[in-house]
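**Q** Take a look at run-v7.csv, CSV, C-alpha atoms:
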chain,number,residue,atom,x,y,z
Y,722,MET,CA,-40.9,-26.3,12.8
Y,723,ARG,CA,-38.3,-28.7,11.5
Y,724,LEU,CA,-35.9,-25.8,11.0
Y,725,ARG,CA,-36.8,-23.8,14.1
Y,726,LEU,CA,-35.8,-26.4,16.6
Y,727,PRO,CA,-32.2,-27.0,15.3
Y,728,ILE,CA,-31.6,-23.3,14.9
Y,729,TRP,CA,-33.0,-22.6,18.4
Y,730,LEU,CA,-30.7,-25.3,19.8
Y,731,ALA,CA,-27.7,-23.8,17.9
Y,732,ARG,CA,-28.4,-20.5,19.5
Y,733,GLN,CA,-28.6,-22.0,23.0
Y,734,LEU,CA,-25.5,-24.1,22.6
Y,735,TYR,CA,-23.6,-21.2,21.1
Y,736,SER,CA,-25.0,-18.6,23.5
Y,737,ARG,CA,-22.7,-16.0,25.1
Y,738,GLU,CA,-23.0,-17.8,28.5
Y,739,ASN,CA,-21.9,-21.2,27.1
Y,740,ARG,CA,-19.0,-19.6,25.1
Y,741,ARG,CA,-17.8,-17.9,28.2
Y,742,HIS,CA,-17.4,-21.1,30.3
Y,743,SER,CA,-16.4,-23.5,27.5
Y,744,LYS,CA,-12.7,-24.2,26.8
Y,745,VAL,CA,-13.6,-25.7,23.5
Y,746,TYR,CA,-15.2,-22.5,22.3
Y,747,ALA,CA,-12.1,-20.6,23.3
Y,748,LEU,CA,-10.3,-22.8,20.7
Y,749,VAL,CA,-13.0,-22.4,18.1
Y,750,ARG,CA,-12.9,-18.6,18.5
Y,751,PHE,CA,-9.5,-18.5,16.7
Y,752,ALA,CA,-11.4,-19.6,13.5
Y,753,ILE,CA,-12.9,-16.1,13.3
Y,754,PRO,CA,-9.7,-14.2,12.8
Y,755,ALA,CA,-8.5,-16.9,10.4
Y,756,ILE,CA,-11.6,-16.5,8.2
Y,757,ALA,CA,-11.4,-12.7,8.6
Y,758,LEU,CA,-7.8,-12.6,7.4
Y,759,SER,CA,-8.4,-15.0,4.5
Y,760,LEU,CA,-11.3,-13.0,3.2
Y,761,ALA,CA,-9.5,-9.7,3.7
Y,762,VAL,CA,-6.5,-11.0,1.7
Y,763,MET,CA,-8.8,-12.2,-1.1
Y,764,LEU,CA,-10.6,-8.8,-1.3
Y,765,LEU,CA,-7.3,-6.9,-1.1
Y,766,GLY,CA,-5.7,-9.1,-3.7
Y,767,ILE,CA,-8.5,-8.3,-6.2
Y,768,ALA,CA,-8.5,-4.6,-5.3
Y,769,ILE,CA,-4.7,-4.3,-5.7
Y,770,MET,CA,-4.7,-6.2,-9.0
Y,771,ASP,CA,-7.6,-4.3,-10.5
Y,772,GLY,CA,-6.3,-1.0,-9.1
Y,773,PHE,CA,-2.8,-1.6,-10.4
Y,774,GLN,CA,-4.1,-2.7,-13.8
Y,775,TYR,CA,-6.4,0.3,-14.3
Y,776,SER,CA,-3.9,2.9,-12.9
Y,777,VAL,CA,-1.1,1.7,-15.2
Y,778,ARG,CA,-3.5,1.4,-18.2
Y,779,ASP,CA,-4.9,4.9,-17.6
Y,780,THR,CA,-1.4,6.4,-17.3
Y,781,VAL,CA,-0.3,4.7,-20.5
Y,782,ARG,CA,-3.5,5.7,-22.3
Y,783,LEU,CA,-3.2,9.3,-21.2
Y,784,VAL,CA,0.3,9.6,-22.6
Y,785,THR,CA,-0.1,7.8,-25.9
Y,786,GLY,CA,-3.9,7.8,-26.6
Y,787,ASP,CA,-6.1,4.8,-27.6
Y,788,VAL,CA,-5.8,5.3,-31.3
Y,789,ILE,CA,-3.0,7.1,-33.1
Y,790,LEU,CA,-3.2,8.6,-36.6
Y,791,CYS,CA,0.1,9.2,-38.5
Y,792,GLU,CA,1.6,9.2,-42.0
Y,793,TYR,CA,0.9,5.9,-43.8
Y,794,GLY,CA,3.9,3.5,-43.8
Y,795,LYS,CA,5.6,5.0,-40.8
Y,796,GLN,CA,5.6,4.4,-37.1
Y,797,PRO,CA,3.9,7.0,-34.7
Y,798,ILE,CA,7.3,7.7,-33.1
Y,799,ASP,CA,9.1,8.5,-36.4
Y,800,LEU,CA,10.2,12.1,-36.3
Y,801,ASP,CA,9.7,12.6,-40.1
Y,802,ASN,CA,6.0,11.9,-39.8
Y,803,VAL,CA,3.8,14.7,-41.3
Y,804,ILE,CA,0.0,14.5,-41.2
Y,805,THR,CA,-2.4,17.3,-42.0
Y,806,LEU,CA,-5.3,17.8,-39.7
Y,807,THR,CA,-8.1,19.1,-41.9
Y,808,THR,CA,-11.2,20.9,-40.8
Y,809,GLN,CA,-13.3,18.0,-42.1
Y,810,MET,CA,-11.3,15.5,-40.0
Y,811,THR,CA,-11.8,17.5,-36.9
Y,812,GLN,CA,-15.5,17.8,-37.6
Y,813,ARG,CA,-15.9,14.0,-38.2
Y,814,MET,CA,-14.0,13.1,-35.0
Y,815,SER,CA,-16.0,15.6,-32.9
Y,816,GLU,CA,-19.2,13.9,-34.0
Y,817,MET,CA,-18.1,10.5,-32.7
Y,818,PRO,CA,-19.5,10.0,-29.1
Y,819,GLU,CA,-16.8,7.4,-28.4
Y,820,ILE,CA,-14.1,10.0,-28.5
Y,821,VAL,CA,-13.2,12.0,-25.4
Y,822,SER,CA,-10.4,14.1,-26.9
Y,823,VAL,CA,-8.3,14.6,-30.0
Y,824,ARG,CA,-4.7,15.7,-29.4
Y,825,PRO,CA,-2.6,16.8,-32.3
Y,826,VAL,CA,1.1,16.3,-31.4
Y,827,ARG,CA,4.4,17.6,-32.8
Y,828,THR,CA,7.7,16.0,-31.8
Y,829,ALA,CA,11.4,16.8,-31.8
Y,830,VAL,CA,14.7,15.6,-30.3
Y,831,GLY,CA,16.2,17.8,-27.7
Y,832,MET,CA,18.7,18.2,-24.9
Y,833,ILE,CA,18.3,20.0,-21.6
Y,834,LYS,CA,21.6,21.5,-20.3
Y,835,THR,CA,22.3,22.9,-16.9
Y,836,ASP,CA,25.5,24.2,-15.3
Y,837,SER,CA,26.4,20.7,-14.0
Y,838,THR,CA,24.7,18.1,-16.2
Y,839,TYR,CA,22.5,17.5,-19.2
Y,840,GLN,CA,19.8,15.0,-20.4
Y,841,GLY,CA,18.4,14.1,-23.8
Y,842,VAL,CA,14.6,14.3,-24.1
Y,843,ALA,CA,11.9,13.5,-26.5
Y,844,VAL,CA,10.2,16.9,-27.0
Y,845,THR,CA,6.4,16.6,-27.3
Y,846,GLY,CA,4.3,19.5,-28.4
Y,847,VAL,CA,0.7,19.8,-27.4
Y,848,ASP,CA,-2.0,22.5,-27.5
Y,849,ASP,CA,-3.0,22.2,-23.9
Y,850,PHE,CA,-1.2,20.7,-20.8
Y,851,THR,CA,-4.3,20.1,-18.7
Y,852,PHE,CA,-4.8,16.6,-19.9
Y,853,LEU,CA,-1.7,15.7,-17.8
Y,854,GLU,CA,-3.5,16.8,-14.6
Y,855,PRO,CA,-3.8,13.2,-13.2
Y,856,LEU,CA,0.0,12.9,-13.4
Y,857,CYS,CA,0.9,16.3,-12.0
Y,858,ALA,CA,3.0,16.0,-8.9
Y,859,THR,CA,3.8,19.7,-8.3
Y,860,GLY,CA,3.2,22.9,-10.1
Y,861,ASN,CA,0.3,24.3,-12.2
Y,862,LEU,CA,-0.4,23.0,-15.7
Y,863,SER,CA,-2.5,26.0,-16.6
Y,864,ASP,CA,-0.1,28.6,-15.2
Y,865,THR,CA,-1.2,32.1,-16.5
Y,866,THR,CA,1.4,34.1,-14.4
Y,867,LEU,CA,4.2,33.7,-16.9
Y,868,ALA,CA,5.7,36.8,-18.4
Y,869,GLU,CA,4.7,37.7,-21.9
Y,870,GLY,CA,6.8,35.7,-24.4
Y,871,ALA,CA,7.9,33.1,-21.8
Y,872,ASN,CA,7.7,29.5,-22.9
Y,873,PRO,CA,6.2,26.9,-20.5
Y,874,ILE,CA,7.7,23.4,-20.2
Y,875,VAL,CA,6.6,20.3,-18.2
Y,876,LEU,CA,9.0,17.6,-17.2
Y,877,PRO,CA,8.9,14.3,-15.4
Y,878,LYS,CA,10.0,14.2,-11.8
Y,879,SER,CA,13.0,11.9,-12.6
Y,880,SER,CA,14.3,14.5,-15.1
Y,881,ALA,CA,13.7,17.4,-12.8
Y,882,GLN,CA,15.6,15.7,-10.0
Y,883,LYS,CA,18.5,14.7,-12.2
Y,884,LEU,CA,18.8,18.2,-13.6
Y,885,GLY,CA,18.3,19.9,-10.2
Y,886,LEU,CA,15.3,21.9,-11.4
Y,887,THR,CA,12.3,23.1,-9.4
Y,888,ILE,CA,9.1,24.9,-10.3
Y,889,GLY,CA,9.8,28.4,-11.8
Y,890,ASP,CA,13.4,27.6,-12.8
Y,891,LYS,CA,14.6,28.6,-16.3
Y,892,VAL,CA,15.2,25.6,-18.6
Y,893,VAL,CA,17.6,25.8,-21.5
Y,894,LEU,CA,16.5,23.4,-24.3
Y,895,TYR,CA,18.6,22.6,-27.4
Y,896,PHE,CA,16.6,21.3,-30.3
Y,897,LEU,CA,18.8,18.9,-32.3
Y,898,GLY,CA,18.5,18.3,-36.0
Y,899,ASP,CA,20.1,19.6,-39.2
Y,900,LYS,CA,20.4,22.9,-37.4
Y,901,VAL,CA,20.6,23.3,-33.6
Y,902,SER,CA,18.2,25.8,-32.1
Y,903,VAL,CA,18.1,27.0,-28.5
Y,904,ARG,CA,15.1,28.2,-26.5
Y,905,SER,CA,14.6,29.2,-22.9
Y,906,PHE,CA,11.6,27.8,-21.0
Y,907,THR,CA,10.1,28.2,-17.5
Y,908,LEU,CA,9.3,25.0,-15.7
Y,909,ILE,CA,5.6,25.2,-14.7
Y,910,ALA,CA,4.8,21.6,-13.6
Y,911,ILE,CA,6.5,18.3,-12.7
Y,912,LEU,CA,4.9,15.0,-13.6
Y,913,GLU,CA,4.8,11.6,-11.9
Y,914,LEU,CA,5.7,9.9,-15.1
Y,915,THR,CA,8.4,7.2,-15.5
Y,916,ASN,CA,9.2,4.1,-17.6
Y,917,THR,CA,8.9,5.9,-20.9
Y,918,ALA,CA,11.3,4.9,-23.7
Y,919,GLN,CA,12.9,8.4,-23.4
Y,920,PRO,CA,12.4,11.2,-20.9
Y,921,LEU,CA,9.6,13.4,-22.1
Y,922,ALA,CA,9.5,17.2,-22.2
Y,923,TYR,CA,6.1,18.8,-22.9
Y,924,VAL,CA,6.1,22.2,-24.7
Y,925,THR,CA,3.5,24.0,-26.8
Y,926,ASN,CA,2.7,23.1,-30.4
Y,927,ASP,CA,3.0,26.7,-31.3
Y,928,LEU,CA,6.7,26.9,-30.2
Y,929,LEU,CA,7.6,23.6,-31.9
Y,930,GLY,CA,5.9,24.8,-35.1
Y,931,ARG,CA,8.1,27.9,-35.1
Y,932,VAL,CA,11.3,26.0,-34.3
Y,933,GLY,CA,10.6,23.3,-36.9
Y,934,GLY,CA,9.0,25.4,-39.6
Y,935,TRP,CA,5.7,23.4,-39.5
Y,936,GLN,CA,2.6,24.6,-41.3
Y,937,PRO,CA,-0.3,25.6,-38.9
Y,938,ASN,CA,-2.3,22.3,-39.5
Y,939,GLN,CA,0.6,19.9,-39.8
Y,940,TYR,CA,1.6,17.5,-37.0
Y,941,THR,CA,3.6,14.4,-36.3
Y,942,ARG,CA,0.7,12.4,-35.2
Y,943,ILE,CA,-2.9,12.7,-33.9
Y,944,GLU,CA,-3.6,11.0,-30.5
Y,945,ILE,CA,-7.2,10.1,-29.8
Y,946,LEU,CA,-8.5,9.1,-26.4
Y,947,ALA,CA,-11.7,7.0,-26.2
Y,948,LYS,CA,-14.4,7.1,-23.6
Y,949,ASN,CA,-14.1,4.5,-20.8
Y,950,THR,CA,-16.7,1.7,-21.1
Y,951,ASP,CA,-17.2,-1.8,-19.7
Y,952,ARG,CA,-15.7,-3.3,-22.8
Y,953,SER,CA,-12.2,-4.5,-22.9
Y,954,LEU,CA,-9.5,-2.1,-24.0
Y,955,LEU,CA,-8.7,-4.1,-27.1
Y,956,ASP,CA,-12.4,-4.2,-28.2
Y,957,MET,CA,-12.8,-0.5,-27.5
Y,958,GLU,CA,-9.7,0.4,-29.6
Y,959,THR,CA,-10.7,-1.9,-32.4
Y,960,SER,CA,-14.2,-0.6,-32.6
Y,961,LEU,CA,-13.0,3.0,-32.6
Y,962,SER,CA,-10.3,2.3,-35.2
Y,963,ASP,CA,-12.9,0.7,-37.6
Y,964,LYS,CA,-15.2,3.7,-37.3
Y,965,LEU,CA,-12.3,6.2,-37.9
Y,966,ILE,CA,-11.2,4.3,-41.0
Y,967,GLN,CA,-14.7,4.3,-42.4
Y,968,SER,CA,-15.4,8.0,-41.6
Y,969,LEU,CA,-12.0,9.5,-42.6
Y,970,SER,CA,-11.7,7.5,-45.8
Y,971,GLU,CA,-14.7,9.2,-47.4
Y,972,PRO,CA,-14.0,11.6,-50.3
Y,973,GLY,CA,-13.2,15.2,-49.3
Y,974,VAL,CA,-12.1,14.5,-45.7
Y,975,THR,CA,-8.4,14.3,-46.3
Y,976,HIS,CA,-6.1,14.0,-49.4
Y,977,GLU,CA,-3.5,11.9,-47.5
Y,978,THR,CA,-3.3,8.2,-46.9
Y,979,LEU,CA,-3.4,7.7,-43.1
Y,980,GLY,CA,-1.7,5.1,-40.9
Y,981,ILE,CA,-3.7,4.0,-37.9
Y,982,TYR,CA,-2.4,2.3,-34.7
Y,983,THR,CA,-4.0,1.3,-31.5
Y,984,GLY,CA,-2.5,1.9,-28.0
Y,985,THR,CA,-2.3,-1.9,-27.5
Y,986,GLN,CA,-0.1,-2.2,-30.6
Y,987,ILE,CA,2.3,0.5,-29.3
Y,988,ASN,CA,2.2,-0.5,-25.6
Y,989,GLY,CA,1.7,-4.3,-26.0
Y,990,GLY,CA,4.6,-5.1,-23.7
Y,991,VAL,CA,3.1,-3.1,-20.8
Y,992,TYR,CA,-0.3,-4.7,-21.2
Y,993,GLN,CA,1.2,-8.3,-21.5
Y,994,TRP,CA,3.2,-7.7,-18.3
Y,995,ILE,CA,0.0,-6.6,-16.4
Y,996,ASP,CA,-1.9,-9.7,-17.7
Y,997,SER,CA,1.0,-12.0,-16.6
Y,998,LEU,CA,0.4,-10.9,-13.0
Y,999,ARG,CA,-3.3,-12.0,-12.9
Y,1000,PRO,CA,-2.6,-15.8,-12.5
Y,1001,ASN,CA,-0.7,-15.0,-9.3
Y,1002,VAL,CA,-3.8,-13.3,-7.8
Y,1003,GLN,CA,-6.0,-16.2,-8.9
Y,1004,ILE,CA,-3.8,-18.7,-7.1
Y,1005,LEU,CA,-3.8,-16.5,-4.0
Y,1006,LEU,CA,-7.6,-16.4,-4.0
Y,1007,VAL,CA,-7.9,-20.2,-4.2
Y,1008,LEU,CA,-5.3,-20.7,-1.4
Y,1009,MET,CA,-7.0,-18.2,0.9
Y,1010,ALA,CA,-10.5,-19.7,0.2
Y,1011,LEU,CA,-9.1,-23.1,1.1
Y,1012,VAL,CA,-7.5,-21.8,4.3
Y,1013,ALA,CA,-10.8,-20.3,5.4
Y,1014,ALA,CA,-12.7,-23.6,4.5
Y,1015,PHE,CA,-10.3,-25.9,6.3
Y,1016,THR,CA,-10.1,-23.7,9.3
Y,1017,MET,CA,-13.9,-24.1,9.6
Y,1018,ILE,CA,-13.6,-27.8,9.1
Y,1019,ASN,CA,-11.3,-28.0,12.1
Y,1020,ALA,CA,-13.6,-25.7,14.1
Y,1021,LEU,CA,-16.7,-27.9,13.3
Y,1022,LEU,CA,-14.8,-31.1,14.3
Y,1023,ILE,CA,-14.0,-29.5,17.6
Y,1024,ILE,CA,-17.6,-28.4,18.1
Y,1025,ILE,CA,-19.0,-31.9,17.3
Y,1026,LEU,CA,-16.4,-33.5,19.6
Y,1027,ASP,CA,-17.5,-31.1,22.4
Y,1028,LEU,CA,-21.2,-31.8,21.7
Y,1029,THR,CA,-21.0,-35.6,21.4
Y,1030,GLN,CA,-23.0,-36.2,24.6
Y,1031,THR,CA,-25.6,-33.6,23.5
Y,1032,ILE,CA,-25.9,-35.1,20.1
Y,1033,GLY,CA,-26.2,-38.6,21.6
Y,1034,LEU,CA,-29.0,-37.4,23.8
Y,1035,LEU,CA,-30.9,-35.6,21.0
Y,1036,LYS,CA,-30.6,-38.8,18.9
Y,1037,ALA,CA,-32.0,-40.9,21.7
Y,1038,LEU,CA,-34.9,-38.4,21.9
Y,1039,GLY,CA,-35.6,-38.9,18.2
Y,1040,MET,CA,-33.9,-36.0,16.4
Y,1041,THR,CA,-33.0,-36.9,12.9
Y,1042,TYR,CA,-29.6,-36.7,11.2
Y,1043,ARG,CA,-30.7,-33.9,9.0
Y,1044,SER,CA,-31.8,-31.8,12.0
Y,1045,LEU,CA,-28.6,-32.5,13.9
Y,1046,THR,CA,-26.6,-31.5,10.8
Y,1047,THR,CA,-28.6,-28.3,10.5
Y,1048,MET,CA,-27.9,-27.5,14.1
Y,1049,SER,CA,-24.1,-28.0,13.7
Y,1050,LEU,CA,-24.0,-26.0,10.5
Y,1051,ALA,CA,-26.0,-23.2,12.1
Y,1052,ILE,CA,-23.3,-23.0,14.8
Y,1053,ALA,CA,-20.6,-23.0,12.2
Y,1054,LEU,CA,-22.5,-20.4,10.1
Y,1055,ARG,CA,-22.4,-18.0,13.1
Y,1056,ILE,CA,-18.7,-18.3,13.3
Y,1057,ILE,CA,-18.3,-17.9,9.5
Y,1058,ALA,CA,-20.6,-14.8,9.6
Y,1059,TRP,CA,-18.5,-13.1,12.3
Y,1060,GLY,CA,-15.3,-13.9,10.5
Y,1061,MET,CA,-16.6,-12.6,7.2
Y,1062,LEU,CA,-18.0,-9.4,8.9
Y,1063,TRP,CA,-14.5,-8.6,10.4
Y,1064,GLY,CA,-12.8,-9.6,7.1
Y,1065,ASN,CA,-15.0,-7.2,5.1
Y,1066,LEU,CA,-14.5,-4.5,7.7
Y,1067,LEU,CA,-10.7,-4.9,7.7
Y,1068,ALA,CA,-10.5,-4.9,3.8
Y,1069,GLY,CA,-12.8,-1.9,3.6
Y,1070,ILE,CA,-10.7,0.1,6.1
Y,1071,ILE,CA,-7.4,-0.7,4.3
Y,1072,ILE,CA,-8.8,0.2,0.9
Y,1073,TRP,CA,-10.4,3.4,2.2
Y,1074,SER,CA,-7.3,4.5,4.1
Y,1075,GLN,CA,-5.0,3.7,1.1
Y,1076,HIS,CA,-7.3,5.8,-1.2
Y,1077,GLN,CA,-7.2,8.7,1.3
Y,1078,TRP,CA,-3.6,8.8,2.3
Y,1079,GLN,CA,-1.7,6.5,-0.1
Y,1080,TRP,CA,0.5,5.1,2.7
Y,1081,LEU,CA,1.5,2.0,0.7
Y,1082,THR,CA,4.1,3.3,-1.9
Y,1083,LEU,CA,5.8,1.9,-4.9
Y,1084,ASP,CA,8.9,2.7,-6.9
Y,1085,PRO,CA,7.5,4.4,-10.0
Y,1086,ASN,CA,10.7,3.6,-12.0
Y,1087,ILE,CA,9.6,-0.1,-11.8
Y,1088,TYR,CA,5.8,-0.1,-11.4
Y,1089,TYR,CA,4.8,3.0,-13.4
Y,1090,ILE,CA,2.8,4.4,-10.4
Y,1091,SER,CA,4.0,5.9,-7.1
Y,1092,HIS,CA,1.6,4.1,-4.8
Y,1093,VAL,CA,-0.5,1.0,-4.5
Y,1094,ALA,CA,-3.8,1.7,-6.3
Y,1095,MET,CA,-6.8,-0.2,-5.0
Y,1096,ARG,CA,-10.0,-0.6,-6.9
Y,1097,ILE,CA,-12.7,-3.3,-6.6
Y,1098,ARG,CA,-16.1,-3.4,-8.2
Y,1099,PRO,CA,-19.1,-4.1,-5.9
Y,1100,VAL,CA,-20.0,-7.2,-8.0
Y,1101,ALA,CA,-16.5,-8.6,-7.4
Y,1102,TRP,CA,-16.9,-7.9,-3.7
Y,1103,ILE,CA,-20.2,-9.7,-3.5
Y,1104,VAL,CA,-19.0,-12.7,-5.6
Y,1105,VAL,CA,-16.0,-13.2,-3.3
Y,1106,ASN,CA,-18.2,-13.2,-0.2
Y,1107,VAL,CA,-20.8,-15.5,-1.6
Y,1108,ALA,CA,-18.2,-17.9,-3.0
Y,1109,THR,CA,-16.3,-18.0,0.3
Y,1110,LEU,CA,-19.5,-18.7,2.2
Y,1111,LEU,CA,-20.7,-21.4,-0.2
Y,1112,LEU,CA,-17.3,-23.1,-0.2
Y,1113,CYS,CA,-17.1,-23.2,3.6
Y,1114,LEU,CA,-20.7,-24.6,3.9
Y,1115,ILE,CA,-20.2,-27.3,1.2
Y,1116,LEU,CA,-16.9,-28.5,2.7
Y,1117,LEU,CA,-18.5,-28.5,6.2
Y,1118,LEU,CA,-20.8,-31.2,5.0
Y,1119,LEU,CA,-17.9,-33.6,5.2
Y,1120,PRO,CA,-17.2,-33.4,8.9
Y,1121,ALA,CA,-20.9,-33.1,9.6
Y,1122,ARG,CA,-21.2,-36.8,8.4
Y,1123,ILE,CA,-19.5,-37.8,11.7
Y,1124,ILE,CA,-22.8,-37.1,13.4
Y,1125,GLN,CA,-24.3,-40.0,11.6
Y,1126,ARG,CA,-21.8,-42.4,13.2
Y,1127,ILE,CA,-22.4,-41.2,16.8
Y,1128,SER,CA,-24.2,-43.9,18.8
Y,1129,PRO,CA,-26.5,-42.6,21.5
Y,1130,THR,CA,-25.5,-45.3,24.0
Y,1131,THR,CA,-21.8,-44.7,23.4
Y,1132,ALA,CA,-22.1,-40.9,23.4
Y,1133,LEU,CA,-23.9,-40.7,26.7
Y,1134,ARG,CA,-20.9,-42.5,28.3
Y,1135,PHE,CA,-18.5,-40.1,26.5
Y,1136,GLU,CA,-16.4,-37.9,28.8
Take the structure in the file and write it out as structure tokens.

**A**
Amino acid sequence: MRLRLPIWLARQLYSRENRRHSKVYALVRFAIPAIALSLAVMLLGIAIMDGFQYSVRDTVRLVTGDVILCEYGKQPIDLDNVITLTTQMTQRMSEMPEIVSVRPVRTAVGMIKTDSTYQGVAVTGVDDFTFLEPLCATGNLSDTTLAEGANPIVLPKSSAQKLGLTIGDKVVLYFLGDKVSVRSFTLIAILELTNTAQPLAYVTNDLLGRVGGWQPNQYTRIEILAKNTDRSLLDMETSLSDKLIQSLSEPGVTHETLGIYTGTQINGGVYQWIDSLRPNVQILLVLMALVAAFTMINALLIIILDLTQTIGLLKALGMTYRSLTTMSLAIALRIIAWGMLWGNLLAGIIIWSQHQWQWLTLDPNIYYISHVAMRIRPVAWIVVNVATLLLCLILLLLPARIIQRISPTTALRFE
């Protein structure tokens, strides 16, 4: 009964009829869009930060792998790396549930030349192009319509644009080394891939093996992609590296001493850059939460000022300070609830529309991705809403203390 009366009074005082005829409620109404915008900005800030982090991370992981095996004492990018992929190694890695794919890679230095220009490229040989599907802008990575003997090649969009190449064009690639070799290729796909140390050109391992005189089971490096989990990327890479070292070091698996690197070691600069952006989002969250809270403080002060006579009358009739505070907070809670409802709806619409149409774009030469990626976990969404609500209610206890100072006799004469 103690709670029912203050809440009933709050409903009556904040009824649609009272709001329609009150100039004060017209002012208070502006608190709703302020709270909505603050909450929407907080949710979008988290969605953009998480989406950007995971999109860039997944792109980098796709290109380099999570764990890289190479010749001991050399870097994975060294061209003179030679590692033998034995049947036992393949079997051991296939038995590890943490591994999604094992990608043997051969590399070479090349130059693509057209009638008007040329570009140096890092030639990367793979067995299958389909792992690049998430980065494919145009074309077909599994094109089976090529003429017999034709060599497929996949290029980044920046290289294709610079060289003036489109899908189906012939590409002349010079392999540079002790002896220059020339091969003709057909461009089958163009990738949305930038910010690599050198422009990449993907060809088949079979062709690179013939050009470089490689043995069938010899490669420059082995790129291993791990299964996505809730663990941090560093923990995931470290755990997988330890298991690989233990498994591949057993007698009879390989006669070579292997070097092992993690993606974080190779792409440390990229991941540090991403982490450096997170404090900016945290500052934004604090500022927007404070904006929402102080907006509600102003709104509650206006409501208390407008209800001074009513509060004085209720005090004279014996209503306690706690009940009056509950009544005022119930009115404020309705305003907060409407603001949060619209804020969640606005953030949801923006995130959904961006996911569908990608209308917010980025320069991939700077940000690694071509559009603003948005991703937010349901737990984070709930935490932001609950934290915003609690912060507003806690800070509203400060202006609510004014009720304690209202004198019934003075309030009844208040105009």

**Q** Contacts of Y:Pro1129 at 9 Å or less, counting all atoms listed in the file, minus same-chain residues fewer than 6 places along, as a PyMOL selection string?

**A** chain Y and resi 1029-1030+1032-1037

**Q** Of the candidates Y:Ile789, Y:Ile1103, Y:Leu908, Y:Ala1068, which shows the shortest atom-to-atom distance to Y:Ala761, using only C-alpha atoms?

**A** Y:Ala1068

**Q** Using only C-alpha atoms, which residue out of Y:Ala752, Y:Val842, Y:Ala910, Y:Ala731 lies closest to Y:Ala922?

**A** Y:Val842

**Q** Given all atoms listed in the file, how would the per-residue table for stretch 963-1046 of chain Y near stretch 796-804 of chain Y read, listing every residue at most 10 Å away with its closest atom pair and distance in Å to one decimal, sorted by chain and number, as a tab-separated table?

**A**
residue	atom	partner	partner_atom	distance
Y:Thr975	CA	Y:Ile804	CA	9.8
Y:Glu977	CA	Y:Ile804	CA	7.7
Y:Thr978	CA	Y:Ile804	CA	9.1
Y:Leu979	CA	Y:Ile804	CA	7.8
Y:Gly980	CA	Y:Gln796	CA	8.3
Y:Ile981	CA	Y:Pro797	CA	8.8
Y:Tyr982	CA	Y:Pro797	CA	7.9
Y:Ile987	CA	Y:Pro797	CA	8.6

**Q** Store the residues picked out above in a file with C-alpha atoms, as an mmCIF file, in the frame of the given file.

**A**
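Once everything was written out, this is result.cif:
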data_model
loop_
_atom_site.group_PDB
_atom_site.id
_atom_site.type_symbol
_atom_site.label_atom_id
_atom_site.label_comp_id
_atom_site.auth_asym_id
_atom_site.auth_seq_id
_atom_site.Cartn_x
_atom_site.Cartn_y
_atom_site.Cartn_z
ATOM 1 C CA THR Y 975 -8.400 14.300 -46.300
ATOM 2 C CA GLU Y 977 -3.500 11.900 -47.500
ATOM 3 C CA THR Y 978 -3.300 8.200 -46.900
ATOM 4 C CA LEU Y 979 -3.400 7.700 -43.100
ATOM 5 C CA GLY Y 980 -1.700 5.100 -40.900
ATOM 6 C CA ILE Y 981 -3.700 4.000 -37.900
ATOM 7 C CA TYR Y 982 -2.400 2.300 -34.700
ATOM 8 C CA ILE Y 987 2.300 0.500 -29.300
#

**Q** Would you mind telling me which residue in Y:Ser880, Y:Val892, Y:Tyr735, Y:Ala1101 lies nearest to Y:Ala1053 when using only C-alpha atoms?

**A**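 The closest residue to Y:Ala1053 is Y:Tyr735.
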
**Q** Just to confirm, what's the straight-line distance from atom CA of Y:Gln986 to atom CA of Y:Ile874 in Å (one decimal)?

**A**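 Separation between atom CA of Y:Gln986 and atom CA of Y:Ile874: 28.7 Å.
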
**Q** Leaving out Y:Leu1081 and any residue of its chain fewer than 4 positions from it, which residues lie within 7 Å of it when counting only C-alpha atoms, given as a VMD selection string?

**A** chain Y and resid 1075 1092 to 1093

**Q** Tell me which of Y:Glu869, Y:Gly794, Y:Lys900, Y:Val847 sits closest to Y:Gly934, counting all atoms listed in the file.

**A**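 The shortest atom-to-atom distance to Y:Gly934 comes from Y:Lys900.
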
**Q** May I ask which of the residues Y:Thr785, Y:Leu1008, Y:Arg750, Y:Gln774 is the closest one to Y:Tyr992, counting only C-alpha atoms?

**A** Y:Gln774

**Q** How many Å separate atom CA of Y:Lys878 from atom CA of Y:Leu928?

**A** 22.6 Å

**Q** Taking (1.2, 21.8, -16.8) in the file's coordinates as the center, which residues reach within 12 Å of it, counting all atoms listed in the file, put as an MDAnalysis selection string?

**A** chainID Y and resid 847:865 872:877 888:889 907:913 922:925

**Q** How far is it from atom CA of Y:Ser968 to atom CA of Y:Met814, in Å with one decimal?

**A**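 These atoms are spaced 8.5 Å apart.
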
**Q** Counting all atoms listed in the file, figure out which residue out of Y:Thr941, Y:Gln1003, Y:Ser759, Y:Ser960 gets nearest to Y:Thr845.

**A** Y:Thr941

**Q** Give, as JSON, the centre coordinates and the x, y and z edge lengths in Å to one decimal for an axis-aligned box around all listed atoms of stretch 1096-1111 of chain Y, padded by 8 Å on each side.

**A**
{"center_x": -15.4, "center_y": -11.0, "center_z": -3.0, "size_x": 26.8, "size_y": 36.8, "size_z": 26.4}

**Q** Pick out the residues sitting within 12 Å of Y:Thr808, and hand them over as a ChimeraX atom specification; count only C-alpha atoms, and ignore anything fewer than 6 positions along from it in its own chain.

**A** /Y:814-815,938-939,969,973-975

**Q** For Y:Ser905, please output as a list in words all residues within 9 Å (counting all atoms listed in the file; exclusion window: fewer than 4 positions along the same chain).

**A**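 So the residues in contact are Ala871, Asn872, Lys891, Val892, Val893, Leu894 and Tyr895 of chain Y.
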